[in-house]
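Shown next, in structure tokens, is the structure this report addresses.
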Protein chains: 2
Amino acid sequence: MKCKICGNKAVIKLRAHNIALCEKDYIAFFEKRVLKTIRKYRMFDKDHKILVAVSGGKDSLSIWELLLSRGFNAVGLYIDLGIENYSEDSKSKCINFAKDKNAELEIANVKEYFNGLSIPEIARYVRRKTCSVCGLIKRYIMNRRALEGGYDVLVTGHNLDDEVSTLFGNMIHWQVEYLARQFPVLEKNHDKMVKKVKPFVTSTEREVAAYALMKGIDYMEKECPFSIGATSLFYKRLLNELEEKQPGSKLRFLNGFYENSGIFQTFRKELKLRACERCGYPTTETVCSFCRLRERIGNIVEKSEDRL
Amino acid sequence: MKCKICGNKAVIKLRAHNIALCEKDYIAFFEKRVLKTIRKYRMFDKDHKILVAVSGGKDSLSIWELLLSRGFNAVGLYIDLGIENYSEDSKSKCINFAKDKNAELEIANVKEYFNGLSIPEIARYVRRKTCSVCGLIKRYIMNRRALEGGYDVLVTGHNLDDEVSTLFGNMIHWQVEYLARQFPVLEKNHDKMVKKVKPFVTSTEREVAAYALMKGIDYMEKECPFSIGATSLFYKRLLNELEEKQPGSKLRFLNGFYENSGIFQTFRKELKLRACERCGYPTTETVCSFCRLRERIGNIVEKSEDRL
């Protein structure tokens with residue numbers, strides 16, 4: 001198997017693109033595709049102040065790596081979720097990466113907002129699913145830290161597999177309102193809401209993993225313990241079976257959706273956003289769900305302290 | 001496991017409907033759902049002259065059985081494709097069924113239209129895929145026989161699994177023109193085109209098979225030898241994995257699509273149908289694809305006879 005560009009020994013074969021490449025040419029090929037996606041969806045350019053949400057996993061560290069190596073002004077944001085046997089390791093991966101690259105890393109800690117409680121503890125207190133509580137809290141902190149730091153855009157490492165699995169779930173269940181919103185770019189539509197972008201939407205998980213390996217990124221291989229049995233992982237497996245049989249189908253499915261996403265706009269609900277009475281960040285209610293969660297936790301903690 | 005209706009021993013559990021039923025109540029449940037689909041999509045009623053395309057398989061014999069037992073005016077149409085070790089058996093299943101029910105069966109033979117050639121022979125002569133040639137020929141003959149016989153509507157046995165697998169393929173590949181046309185009813189839109197309906201679109205393959213078994217229908221279990229490895233079978237397997245994990249998802253996916261099918265209408269190409277110069281049946285060209293195929297076969301056969 002020879003590299004299609006230079007003729008040297010290829011190290012990776014991409015059936016979806018009908019190409020085999022050596023390490024050097026793969027890195028160039030991968031980066032070029034990502035940069036093209038960034039330009040195509042007008043995500044950002046070199047004048048922008050970029051905040052990259054990093055978890056320590058391959059996706060987020062890879063996009064940070066790519067942006068840094070291509071001269072973008074990209075600062076990392078790590079959110080410590082307080083998950084045992086997971087958060088400590090993932091945090092140190094991010095810190096080491098930042099040191100190694102001489103890059104700036106911001107660290108936020110969920111415990112600072114929730115009376116010293118971690119994500120699993122909060123979920124237990126309010127009897128909600130861990131992943132749903134975690135999503136809500138991360139989205140809030142990412143947005144708030146991005147605005148407080150004066151960043152123009154927030155980058156996340158969502159890859160093609162993530163996006164296509166979400167798309168598949170939304171399609172199967174005809175979640176038309178979600179379909180109306182799913183896009184590689186979420187524009188700023190409130191002065192306290194940052195623009196959010198996903199430059200890896202056209203790169204598969206396998207392609208990102210290969211990039212991370214070739215670039216020698218020391219990433220966290222362990223998955224979050226709460227992700228076990230997630231429906232999204234089941235969808236990913238089905239879609240990988242499809243990809244195996246019809247190479248390129250994940251990319252075609254997602255691109256076709258983006259190209260035709262106009263047909264779902266009739267289902268788009270224009271949300272009337274206003275400032276949360278507590279924190280000032282956007283919400284459709286009087287008090288935002290993050291502040292309501294904080295208040296519930298505050299009350300519960302107070303009550304249990306009363307009982308002591 | 002007890003029947004939800006009568007409390008006797010249940011013989012089938014339907015996770016998608018969260019119900020277990022005895023044989024008698026299953027048959028009633030199944031038929032009721034099909035009759036509801038027939039009414040909902042205004043397929044036909046007891047005043048109509050119905051032609052049922054029967055292959056000898058469980059789906060087509062079951063819909064014929066259901067229509068006959070419920071007092072509909074339903075005549076069968078068997079098309080002999082001339083496939084060795086398959087067509088003979090499937091034809092005799094249809095003939096026996098008709099005899100048993102004292103029902104009328106029309107028989108058409110592909111060979112009569114194509115100089116004595118069978119479907120596999122025709123495909124080989126014109127170097128096209130067997131299934132594509134077969135589909136074209138069957139569609140033509142079904143439509144023509146329905147009109148020649150003065151029928152109001154043509155019924156086919158397509159079940160939920162067939163429809164959802166087609167939907168899935170069209171979605172994955174964003175075949176928007178096909179999506180704009182996929183519906184349980186294809187209305188007559190030319191005086192030489194019969195209305196086509198699929199009363200089993202809300203019944204899974206498993207549900208139809210159970211109905212066929214309970215009603216003692218002697219159907220053809222063998223699949224067509226040309227269907228091996230078909231993409232539709234691969235899609236069906238993936239969708240069955242989904243159904244296993246999320247009972248009812250096939251039905252929800254398809255129903256959601258029908259409910260939202262309006263959004264694809266922007267892609268509907270209004271075909272300008274005219275009468276084929278040879279046969280008078282509708283086509284978008286001067287000569288319809290069936291007559292062109294017949295002419296090609298005629299030329300090929302003549303040439304090979306010349307060589308003899």
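How things are named: the first chain in the structure tokens is A, the next is B, and so on; residues count from 1 in each chain; ligands count from 1 in the order shown.
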
Legend entry - Residues of chain A within 9 Å of chain B, only C-alpha atoms counted, as number ranges by chain: A: 171-174, 176, 234-235, 238-239, 241-242, 245, 249-250, 252-254, 256-257, 260, 263-264, 266

Generate the output file for the selected residues, C-alpha atoms, as a PDB file, in the first residue's frame.
```pdb
ATOM      1  CA  MET A 171     -34.212  11.319  12.386  1.00  0.00           C
ATOM      2  CA  ILE A 172     -35.415   7.990  13.759  1.00  0.00           C
ATOM      3  CA  HIS A 173     -37.541   9.798  16.320  1.00  0.00           C
ATOM      4  CA  TRP A 174     -38.420  12.741  14.065  1.00  0.00           C
ATOM      5  CA  VAL A 176     -37.891  18.018  14.061  1.00  0.00           C
ATOM      6  CA  PHE A 234     -25.323   2.091  20.106  1.00  0.00           C
ATOM      7  CA  TYR A 235     -26.157   4.405  17.179  1.00  0.00           C
ATOM      8  CA  LEU A 238     -24.950   0.725  13.800  1.00  0.00           C
ATOM      9  CA  LEU A 239     -23.564   3.576  11.715  1.00  0.00           C
ATOM     10  CA  GLU A 241     -21.668  -1.205  10.315  1.00  0.00           C
ATOM     11  CA  LEU A 242     -23.187   0.940   7.580  1.00  0.00           C
ATOM     12  CA  LYS A 245     -20.570  -1.833   4.041  1.00  0.00           C
ATOM     13  CA  SER A 249     -21.947   6.883   3.975  1.00  0.00           C
ATOM     14  CA  LYS A 250     -21.591   8.637   7.339  1.00  0.00           C
ATOM     15  CA  ARG A 252     -22.675  11.653   2.828  1.00  0.00           C
ATOM     16  CA  PHE A 253     -25.539  11.278   5.300  1.00  0.00           C
ATOM     17  CA  LEU A 254     -24.356  14.254   7.371  1.00  0.00           C
ATOM     18  CA  GLY A 256     -26.705  15.694   2.717  1.00  0.00           C
ATOM     19  CA  PHE A 257     -28.462  16.764   5.880  1.00  0.00           C
ATOM     20  CA  ASN A 260     -30.944  20.083   2.895  1.00  0.00           C
ATOM     21  CA  ILE A 263     -36.461  21.901   4.852  1.00  0.00           C
ATOM     22  CA  PHE A 264     -36.502  21.614   8.659  1.00  0.00           C
ATOM     23  CA  THR A 266     -40.270  25.440   9.306  1.00  0.00           C
TER      24      THR A 266
END
```

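Proximity of A:Lys58, A:Lys222, A:Arg278, A:Arg144 to Asp89 in chain A, computed with only C-alpha atoms, is greatest for A:Lys222.
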
Residues of range 46-99 of chain B within 7 Å of range 108-116 of chain B: nearest atom pair and distance (Å, one decimal) for each, counting only C-alpha atoms, sorted by chain and number, as JSON lines?
```
{"residue": "B:Tyr78", "atom": "CA", "partner": "B:Ala108", "partner_atom": "CA", "distance": 6.2}
{"residue": "B:Ile79", "atom": "CA", "partner": "B:Ala108", "partner_atom": "CA", "distance": 4.7}
{"residue": "B:Asp80", "atom": "CA", "partner": "B:Asn109", "partner_atom": "CA", "distance": 4.7}
{"residue": "B:Leu81", "atom": "CA", "partner": "B:Val110", "partner_atom": "CA", "distance": 5.6}
```

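Counting only C-alpha atoms, range 203-216 of chain A has the following residues at most 7 Å away, ignoring those fewer than 5 positions along the same chain: A:Glu23, A:Ile27, A:Lys58, A:Asp59, A:Ser62, A:Asn159, A:Leu160, A:Asp161.
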
Keeping only C-alpha atoms, write the selected residues to a file as a PDB file, in the first residue's frame.
```pdb
ATOM      1  CA  GLU A  23       2.060   9.860   7.977  1.00  0.00           C
ATOM      2  CA  ILE A  27      -1.525  14.957   8.611  1.00  0.00           C
ATOM      3  CA  LYS A  58      -8.440  12.723  21.539  1.00  0.00           C
ATOM      4  CA  ASP A  59     -11.007  14.946  19.841  1.00  0.00           C
ATOM      5  CA  SER A  62      -6.534  17.209  18.503  1.00  0.00           C
ATOM      6  CA  ASN A 159     -16.499  14.675  15.325  1.00  0.00           C
ATOM      7  CA  LEU A 160     -18.440  13.226  12.388  1.00  0.00           C
ATOM      8  CA  ASP A 161     -19.409  10.130  14.392  1.00  0.00           C
TER       9      ASP A 161
END
```

Legend entry - Interatomic distance, CA of Ser232 in chain B to CA of Ser165 in chain B (Å, one decimal): 6.0 Å

Would you please give, as an mmCIF file with N, CA and C atoms, in the first residue's frame, all residues of range 99-296 of chain A that DSSP assigns to strand (DSSP E) based on the backbone?
```
data_model
loop_
_atom_site.group_PDB
_atom_site.id
_atom_site.type_symbol
_atom_site.label_atom_id
_atom_site.label_comp_id
_atom_site.auth_asym_id
_atom_site.auth_seq_id
_atom_site.Cartn_x
_atom_site.Cartn_y
_atom_site.Cartn_z
ATOM 1 N N LEU A 105 -4.145 27.602 29.327
ATOM 2 C CA LEU A 105 -5.271 26.738 29.698
ATOM 3 C C LEU A 105 -6.033 27.352 30.864
ATOM 4 N N GLU A 106 -7.327 27.529 30.669
ATOM 5 C CA GLU A 106 -8.173 27.974 31.773
ATOM 6 C C GLU A 106 -8.787 26.747 32.424
ATOM 7 N N ILE A 107 -8.954 26.785 33.725
ATOM 8 C CA ILE A 107 -9.581 25.650 34.406
ATOM 9 C C ILE A 107 -10.793 26.135 35.192
ATOM 10 N N ALA A 108 -11.926 25.491 34.951
ATOM 11 C CA ALA A 108 -13.131 25.801 35.724
ATOM 12 C C ALA A 108 -13.450 24.577 36.570
ATOM 13 N N ASN A 109 -14.094 24.799 37.689
ATOM 14 C CA ASN A 109 -14.395 23.665 38.560
ATOM 15 C C ASN A 109 -15.872 23.691 38.949
ATOM 16 N N VAL A 153 -15.366 33.024 19.983
ATOM 17 C CA VAL A 153 -15.966 31.769 19.548
ATOM 18 C C VAL A 153 -15.532 30.622 20.467
ATOM 19 N N LEU A 154 -16.436 29.665 20.645
ATOM 20 C CA LEU A 154 -16.134 28.480 21.441
ATOM 21 C C LEU A 154 -16.052 27.277 20.506
ATOM 22 N N VAL A 155 -14.935 26.562 20.582
ATOM 23 C CA VAL A 155 -14.735 25.391 19.721
ATOM 24 C C VAL A 155 -14.916 24.122 20.550
ATOM 25 N N VAL A 185 -22.328 25.180 13.086
ATOM 26 C CA VAL A 185 -22.157 26.499 13.697
ATOM 27 C C VAL A 185 -23.454 26.888 14.402
ATOM 28 N N LEU A 186 -23.351 27.303 15.659
ATOM 29 C CA LEU A 186 -24.510 27.905 16.326
ATOM 30 C C LEU A 186 -24.159 29.376 16.524
ATOM 31 N N LYS A 195 -20.757 32.381 20.124
ATOM 32 C CA LYS A 195 -20.852 31.547 18.918
ATOM 33 C C LYS A 195 -20.151 30.215 19.184
ATOM 34 N N LYS A 196 -20.795 29.099 18.768
ATOM 35 C CA LYS A 196 -20.198 27.772 19.013
ATOM 36 C C LYS A 196 -19.966 27.039 17.693
ATOM 37 N N VAL A 197 -18.821 26.439 17.559
ATOM 38 C CA VAL A 197 -18.488 25.773 16.286
ATOM 39 C C VAL A 197 -17.845 24.406 16.501
ATOM 40 N N ARG A 274 -34.241 35.914 27.312
ATOM 41 C CA ARG A 274 -34.079 37.105 28.144
ATOM 42 C C ARG A 274 -32.995 36.829 29.178
ATOM 43 N N ALA A 275 -32.617 37.850 29.937
ATOM 44 C CA ALA A 275 -31.545 37.680 30.916
ATOM 45 C C ALA A 275 -32.083 37.013 32.177
ATOM 46 N N PRO A 282 -28.488 34.183 29.238
ATOM 47 C CA PRO A 282 -29.766 33.997 28.548
ATOM 48 C C PRO A 282 -30.569 32.774 29.004
ATOM 49 N N THR A 283 -31.870 32.946 29.003
ATOM 50 C CA THR A 283 -32.798 31.883 29.377
ATOM 51 C C THR A 283 -34.148 32.196 28.752
#
```

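Once Lys4 in chain A and its same-chain neighbours fewer than 2 positions away are set aside, Lys2, Cys6, Gly7, Ile19, Ala20 and Leu21 of chain A remain within 7 Å of it when counting only C-alpha atoms.
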
Inset, instruction - May I have all residues of range 17-231 of chain A that DSSP, computed from the backbone, assigns to alpha helix (DSSP H), given as a PyMOL selection string? - result: chain A and resi 23-40+58-69+87-101+110-113+119-126+130-148+160-172+176-181+205-214+231
